[in-house]
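**Q** Starting off with a structure, shown below.
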Amino acid sequence: MTEEGAKVRKRRARVAFSRLTVTIVLANLIGLVILLIGSFALTQYRDGLIQAKLEGVRAQAQIIADVLAQVAIDESSCQPVDEADIASLGAEATLCSLALSQTDVREVFNRVWDSFEGRVRIFNAPQTFDDPPVSSADVLLIEDVVLREDKIVAETLPPLEQDSAVPSFSPEKITYTVLRYFSRNYRAQAGRRTIEAELNEALSSSPFAEDRGAASVRLNEEGELVVSVTVPIRRVQAIYGMVTAESGGIDALVEEARFAILPFFGLGVAAAILSSLLLTAMIAQPIRQLAIAADKVREGIAAAGRARIPDFTSRKDEIGELSGSLKSMTAAIYARIDAIESFAADVAHELKNPLTSIRSASETLEFAKTPEQQAKLMSVIQKDVARMDRLITDISNASRLDAELAREIREAVDLTRLIGDIVAMYADAAKEDAPHITYTDPIQAVYILGNPSALGQVIRNLIDNARSFSPPGGEVRVTLEAPTQRENIVRILVEDDGPGIPPDNLESIFKRFYTKRPKGAAFGNNSGLGLAISRQIINSHGGRIFVENRLKYASDTDGERLGARFVIELPAD
């Protein structure tokens with residue numbers, strides 16, 4: 001089996017899915033995948049959720065700070081210090097010991113914030129002038145509480161022997177891993193932030209700012225991403241302490257919001273797969289059927305068979321156009337094969353006749369006794385050789401014609417001048433008893449797009465044909481008609497004064513090797529290919545050629561014939 005045959009077998013075996021099917025599916029899915037990954041990686045969406053969470057925590061922290069500023073300040077701990085003592089103490093000096101009452105702080109939390117969810121830490125204000133003021137948050141910590149809503153959550157625990165871990169291949173685990181991957185840089189930045197830096201920023205913040213204190217997104221001691229707001233506890237301009245409120249659950253919030261996208265993504269995937277299958281049925285499968293049919297045509301040509309191209313022309317789309325083009329191409333190929341076979345048979349038949357005649361004459365020559373008989377046989381041989389030479393020349397020209405017409409470069413042809421030059425050439429070489437050739441041209445020049453050499457060959461063939469049928473001293477009339485506004489067609493007429501053409505032969509004269517000549521015509525001067533070649537050339541130019549009889553009475557088709565008229569019609573554009 002050849003490599004090409006193996007490819008054909010492989011193509012026929014894969015009917016349901018092909019590379020085009022896979023391409024269609026991937027093309028439909030890639031947009032959805034990009035949207036899904038983009039939703040995971042989109043920082044604006046995450047930042048919006050965090051900002052909303054941060055505003056809620058800030059409001060709670062400010063309320064707690066305002067309440068503690070009213071009820072939890074320990075004013076008795078603030079003792080004035082002389083300036084001389086400050087100078088002697090140096091960096092360890094304090095102007096006033098500003099502190100909060102730990103008892104009052106706990107009382108506030110026990111009575112008020114039983115519905116706030118989050119972690120709240122209360123810090124005393126630093127009493128030193130170090131830079132930064134807060135180097136260790138634990139030293140200043142007064143209270144560290146975690147507040148939750150008053151609700152009871154009942155949860156059934158799995159049996160002890162059952163593994164409650166989430167499978168590594170579960171959607172939750174996969175989504176969590178993907179979220180962690182896309183937020184790794186953000187978490188790394190949050191890991192570099194500390195509570196001490198937040199406290200120092202809150203201490204240096206302006207009491208007149210719209211958003212008091214400092215806010216940040218940090219990692220807590222358990223590595224959880226939390227939003228944190230620190231607000232100073234102020235009375236007038238003095239800072240007695242700081243409130244830090246934290247709220248976690250950011251990863252869960254983002255994960256929950258993005259999990260909500262997954263059902264829509266699943267619907268999108270299902271729609272993409274359905275549309276891919278539809279496109280496969282509408283595009284990939286018809287193309288595959290056409291490809292298989294084309295392979296069968298190739299195999300059929302090799303096996304002298306015939307294959308049928310599937311007909312999708314009723315679809316009225318590109319697939320239908322492709323099907324129609326392949327059907328037309330296949331029909332043209334089969335027509336060309338039939339023409340080649342017929343041409344080969346005709347050539348063999350036409351060459352066999354003169355060869356048979358030459359063989360008979362040569363075999364008879366040795367039995368000829370008189371010089372007159374020998375001269376007669378030699379004349380027959382010479383005429384048959386001349387006929388074969390003419391046949392071989394015309395057959396060679398006809399066999400090259402298709403390739404030449406396919407390679408030719410069309411150009412603007414001035415038919416008025418072309419026909420005039422050909423008629424003038426015949427007039428210069430005419431003998432005394434030869435038919436006279438006249439030419440009637442329009443006033444203006446007539447141009448068409450074509451091959452001047454091929455069109456000139458057609459004109460010469462028709463003039464030669466008309467001269468061969470015209471009587472001595474007769475007339476051959478060549479007429480060129482310009483296109484009109486009604487008909488954008490150029491007509492060339494070649495008329496003779498010969499015997500005309502029998503009505504039954506008006507079409508058959510354009511067949512190859514049709515050589516029915518008038519009585520007295522020179523033997524072997526015509527191969528019967530001139531008119532066939534002329535029709536082939538005119539057809540390649542998008543025109544047509546036909547013949548009709550010149551009648552004495554136009555209405556009497558069986559009446560007296562005055563000659564023949566060949567008509568060529570060519571598009572002017």
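We name chains A, B, ... following the order of the structure tokens; residues begin at 1 in each chain, and ligands are numbered from 1 as shown.
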With a distance cut-off of 9 Å and only C-alpha atoms, select the neighbouring residues of Leu49 in chain A, excluding the residue or stretch itself and same-chain residues fewer than 6 positions from it, and output the selection as a list in words.

**A**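 Using only C-alpha atoms, the neighbours found are Ile250, Leu253 and Val254 of chain A.
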
**Q** May I have the residues within 9 Å of Leu203 in chain A as number ranges by chain, using only C-alpha atoms and disregarding those fewer than 5 positions away in the same chain?

**A** A: 125, 133, 198, 213-214, 231-232, 239, 242

**Q** Would you mind telling me which residue in A:Thr364, A:Gln127, A:Gln289, A:Gln70 lies nearest to Asp104 in chain A when using only C-alpha atoms?

**A**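 Smallest distance to Asp104 in chain A is found for A:Gln70.
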
**Q** Which residue out of A:Ile273, A:Leu449, A:Val547, A:Val67 has the minimum interatomic distance to Arg235 in chain A when only C-alpha atoms are used?

**A** A:Val67

**Q** By how many Å are CA of Leu147 in chain A and CA of Glu210 in chain A apart?

**A**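 Separating CA of Leu147 in chain A from CA of Glu210 in chain A is a distance of 26.3 Å.
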
**Q** Just asking: which residues within range 208-302 of chain A are strand (DSSP E or B) according to DSSP, as a PDB file with C-alpha atoms, in the first residue's frame?

**A**
```pdb
ATOM      1  CA  ALA A 214      -4.108  53.045  59.418  1.00  0.00           C
ATOM      2  CA  ALA A 215      -5.347  50.068  57.432  1.00  0.00           C
ATOM      3  CA  SER A 216      -3.564  47.120  55.845  1.00  0.00           C
ATOM      4  CA  VAL A 217      -4.009  43.579  54.559  1.00  0.00           C
ATOM      5  CA  ARG A 218      -1.776  41.198  56.520  1.00  0.00           C
ATOM      6  CA  LEU A 219      -1.257  37.579  57.354  1.00  0.00           C
ATOM      7  CA  LEU A 225      -5.214  36.693  55.016  1.00  0.00           C
ATOM      8  CA  VAL A 226      -6.963  39.357  57.141  1.00  0.00           C
ATOM      9  CA  VAL A 227      -7.935  42.992  56.802  1.00  0.00           C
ATOM     10  CA  SER A 228      -6.754  45.094  59.736  1.00  0.00           C
ATOM     11  CA  VAL A 229      -7.578  48.650  60.845  1.00  0.00           C
ATOM     12  CA  THR A 230      -5.828  50.451  63.723  1.00  0.00           C
ATOM     13  CA  VAL A 231      -7.454  53.607  65.137  1.00  0.00           C
ATOM     14  CA  PRO A 232      -5.847  55.734  67.929  1.00  0.00           C
ATOM     15  CA  ILE A 233      -7.873  56.289  71.090  1.00  0.00           C
ATOM     16  CA  ARG A 234      -7.721  60.083  71.449  1.00  0.00           C
ATOM     17  CA  ARG A 235      -8.992  62.623  73.883  1.00  0.00           C
ATOM     18  CA  ALA A 238      -3.551  63.049  73.432  1.00  0.00           C
ATOM     19  CA  ILE A 239      -3.308  59.377  72.380  1.00  0.00           C
ATOM     20  CA  TYR A 240      -4.076  57.004  75.241  1.00  0.00           C
ATOM     21  CA  GLY A 241      -4.067  53.776  73.290  1.00  0.00           C
ATOM     22  CA  MET A 242      -4.940  52.087  70.021  1.00  0.00           C
ATOM     23  CA  VAL A 243      -7.667  49.744  68.770  1.00  0.00           C
ATOM     24  CA  THR A 244      -6.800  47.154  66.140  1.00  0.00           C
ATOM     25  CA  ALA A 245      -9.746  45.353  64.521  1.00  0.00           C
ATOM     26  CA  GLU A 246      -9.127  42.391  62.226  1.00  0.00           C
ATOM     27  CA  SER A 247     -11.462  40.344  60.066  1.00  0.00           C
TER      28      SER A 247
END
```

**Q** Please provide as number ranges by chain all residues within 6 Å of range 491-493 of chain A, with the sequence filter that same-chain residues fewer than 4 positions apart are discarded (counting only C-alpha atoms).

**A** A: 478-481, 566-569

**Q** Can you spit out the residues from that selection as a PDB file, in the first residue's frame, using C-alpha atoms?

**A**
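Saved result, again-v4.pdb, follows:
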```pdb
ATOM      1  CA  VAL A 478     -15.357  39.008 -43.895  1.00  0.00           C
ATOM      2  CA  THR A 479     -17.448  41.385 -41.741  1.00  0.00           C
ATOM      3  CA  LEU A 480     -16.741  42.784 -38.279  1.00  0.00           C
ATOM      4  CA  GLU A 481     -19.729  44.132 -36.318  1.00  0.00           C
ATOM      5  CA  PHE A 566     -19.674  31.262 -40.129  1.00  0.00           C
ATOM      6  CA  VAL A 567     -20.528  33.473 -37.165  1.00  0.00           C
ATOM      7  CA  ILE A 568     -18.234  34.209 -34.201  1.00  0.00           C
ATOM      8  CA  GLU A 569     -19.684  35.955 -31.148  1.00  0.00           C
TER       9      GLU A 569
END
```

**Q** What are the DSSP alpha helix (DSSP H) residues of range 176-343 of chain A, as a PyMOL selection string?

**A** chain A and resi 176-182+184-191+195-203+250-259+261-279+285-302+318-343

**Q** Selected residues, C-alpha atoms, written as an mmCIF file, in the first residue's frame, please.

**A**
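Writing the result to again_19.cif gives the following:
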```cif
data_model
loop_
_atom_site.group_PDB
_atom_site.id
_atom_site.type_symbol
_atom_site.label_atom_id
_atom_site.label_comp_id
_atom_site.auth_asym_id
_atom_site.auth_seq_id
_atom_site.Cartn_x
_atom_site.Cartn_y
_atom_site.Cartn_z
ATOM 1 C CA TYR A 176 -8.384 26.633 46.193
ATOM 2 C CA THR A 177 -5.023 25.696 44.670
ATOM 3 C CA VAL A 178 -5.686 27.861 41.595
ATOM 4 C CA LEU A 179 -6.706 30.799 43.771
ATOM 5 C CA ARG A 180 -3.581 30.425 45.874
ATOM 6 C CA TYR A 181 -1.458 30.314 42.705
ATOM 7 C CA PHE A 182 -2.888 33.523 41.236
ATOM 8 C CA ARG A 184 0.732 34.222 45.552
ATOM 9 C CA ASN A 185 2.281 37.648 44.875
ATOM 10 C CA TYR A 186 -0.470 39.423 46.780
ATOM 11 C CA ARG A 187 -0.051 37.088 49.764
ATOM 12 C CA ALA A 188 3.715 37.572 49.669
ATOM 13 C CA GLN A 189 3.233 41.335 49.949
ATOM 14 C CA ALA A 190 0.763 40.842 52.807
ATOM 15 C CA GLY A 191 3.267 38.584 54.573
ATOM 16 C CA ILE A 195 1.210 44.775 63.238
ATOM 17 C CA GLU A 196 4.029 46.990 64.551
ATOM 18 C CA ALA A 197 4.215 48.883 61.248
ATOM 19 C CA GLU A 198 0.455 49.384 61.307
ATOM 20 C CA LEU A 199 0.548 50.716 64.902
ATOM 21 C CA ASN A 200 3.333 53.181 64.051
ATOM 22 C CA GLU A 201 1.417 54.380 60.989
ATOM 23 C CA ALA A 202 -1.716 54.897 63.097
ATOM 24 C CA LEU A 203 0.254 56.908 65.688
ATOM 25 C CA ILE A 250 -11.063 36.956 52.659
ATOM 26 C CA ASP A 251 -9.917 33.827 50.837
ATOM 27 C CA ALA A 252 -13.257 32.168 51.531
ATOM 28 C CA LEU A 253 -15.136 35.261 50.353
ATOM 29 C CA VAL A 254 -13.193 35.453 47.082
ATOM 30 C CA GLU A 255 -13.432 31.705 46.614
ATOM 31 C CA GLU A 256 -17.185 31.737 47.184
ATOM 32 C CA ALA A 257 -17.682 34.556 44.705
ATOM 33 C CA ARG A 258 -15.574 32.834 42.078
ATOM 34 C CA PHE A 259 -17.210 29.494 42.762
ATOM 35 C CA ILE A 261 -18.890 31.577 38.227
ATOM 36 C CA LEU A 262 -18.313 27.844 37.775
ATOM 37 C CA PRO A 263 -21.957 26.871 36.993
ATOM 38 C CA PHE A 264 -22.065 29.509 34.280
ATOM 39 C CA PHE A 265 -18.709 28.295 33.018
ATOM 40 C CA GLY A 266 -20.113 24.750 32.898
ATOM 41 C CA LEU A 267 -23.108 25.975 30.898
ATOM 42 C CA GLY A 268 -20.719 27.825 28.590
ATOM 43 C CA VAL A 269 -18.638 24.674 28.106
ATOM 44 C CA ALA A 270 -21.758 22.649 27.313
ATOM 45 C CA ALA A 271 -22.891 25.292 24.820
ATOM 46 C CA ALA A 272 -19.399 25.384 23.253
ATOM 47 C CA ILE A 273 -19.338 21.593 22.883
ATOM 48 C CA LEU A 274 -22.834 21.559 21.358
ATOM 49 C CA SER A 275 -21.904 24.332 18.920
ATOM 50 C CA SER A 276 -18.680 22.465 18.105
ATOM 51 C CA LEU A 277 -20.629 19.309 17.316
ATOM 52 C CA LEU A 278 -23.020 21.353 15.201
ATOM 53 C CA LEU A 279 -20.136 22.981 13.325
ATOM 54 C CA GLN A 285 -18.180 16.151 8.018
ATOM 55 C CA PRO A 286 -19.206 17.584 4.596
ATOM 56 C CA ILE A 287 -15.602 18.560 3.919
ATOM 57 C CA ARG A 288 -14.499 15.053 4.907
ATOM 58 C CA GLN A 289 -17.110 13.534 2.577
ATOM 59 C CA LEU A 290 -15.911 15.757 -0.252
ATOM 60 C CA ALA A 291 -12.288 14.784 0.460
ATOM 61 C CA ILE A 292 -13.166 11.077 0.458
ATOM 62 C CA ALA A 293 -15.131 11.516 -2.776
ATOM 63 C CA ALA A 294 -12.147 13.338 -4.332
ATOM 64 C CA ASP A 295 -9.930 10.400 -3.355
ATOM 65 C CA LYS A 296 -12.426 8.034 -4.945
ATOM 66 C CA VAL A 297 -12.335 10.126 -8.126
ATOM 67 C CA ARG A 298 -8.549 9.774 -8.207
ATOM 68 C CA GLU A 299 -8.809 6.037 -7.614
ATOM 69 C CA GLY A 300 -11.599 5.795 -10.176
ATOM 70 C CA ILE A 301 -9.490 7.524 -12.807
ATOM 71 C CA ALA A 302 -6.687 5.082 -12.171
ATOM 72 C CA GLU A 318 -19.304 28.052 1.025
ATOM 73 C CA ILE A 319 -19.601 24.285 1.470
ATOM 74 C CA GLY A 320 -22.252 24.272 -1.239
ATOM 75 C CA GLU A 321 -19.995 26.345 -3.488
ATOM 76 C CA LEU A 322 -17.115 23.940 -2.826
ATOM 77 C CA SER A 323 -19.355 20.970 -3.633
ATOM 78 C CA GLY A 324 -20.506 22.600 -6.861
ATOM 79 C CA SER A 325 -16.938 23.471 -7.827
ATOM 80 C CA LEU A 326 -15.747 19.913 -7.167
ATOM 81 C CA LYS A 327 -18.663 18.496 -9.172
ATOM 82 C CA SER A 328 -17.878 20.829 -12.067
ATOM 83 C CA MET A 329 -14.165 20.024 -11.817
ATOM 84 C CA THR A 330 -14.889 16.286 -11.752
ATOM 85 C CA ALA A 331 -17.226 16.600 -14.732
ATOM 86 C CA ALA A 332 -14.555 18.564 -16.599
ATOM 87 C CA ILE A 333 -11.931 15.926 -15.752
ATOM 88 C CA TYR A 334 -14.160 13.104 -16.962
ATOM 89 C CA ALA A 335 -15.032 15.101 -20.078
ATOM 90 C CA ARG A 336 -11.341 15.685 -20.715
ATOM 91 C CA ILE A 337 -10.622 11.970 -20.216
ATOM 92 C CA ASP A 338 -13.405 11.094 -22.664
ATOM 93 C CA ALA A 339 -12.082 13.679 -25.116
ATOM 94 C CA ILE A 340 -8.558 12.296 -24.832
ATOM 95 C CA GLU A 341 -9.799 8.746 -25.356
ATOM 96 C CA SER A 342 -11.902 9.838 -28.324
ATOM 97 C CA PHE A 343 -9.060 11.932 -29.701
#
```

**Q** So the first atom is CA of Phe208 in chain A and the second is CA of Ser101 in chain A; what is the distance between them in Å, to one decimal place?

**A** 25.6 Å

**Q** One decimal, in Å: what's the spacing between CA of Thr313 in chain A and CA of Gly542 in chain A?

**A** 24.2 Å

**Q** Hey, what's within 10 Å of Ser379 in chain A if we count only C-alpha atoms and toss same-chain stuff fewer than 6 positions away? As an MDAnalysis selection string, please?

**A** chainID A and resid 361 373 385

**Q** Please provide as a PyMOL selection string all residues within 8 Å of Ser357 in chain A, with the sequence filter that same-chain residues fewer than 5 positions apart are discarded (counting only C-alpha atoms).

**A** chain A and resi 380-381+384

**Q** Extract, using only C-alpha atoms, all DNA, RNA and protein residues at most 6 Å from Leu570 in chain A, discarding same-chain residues fewer than 3 positions from it, and format them as a VMD selection string.

**A** chain A and resid 489 to 490 543
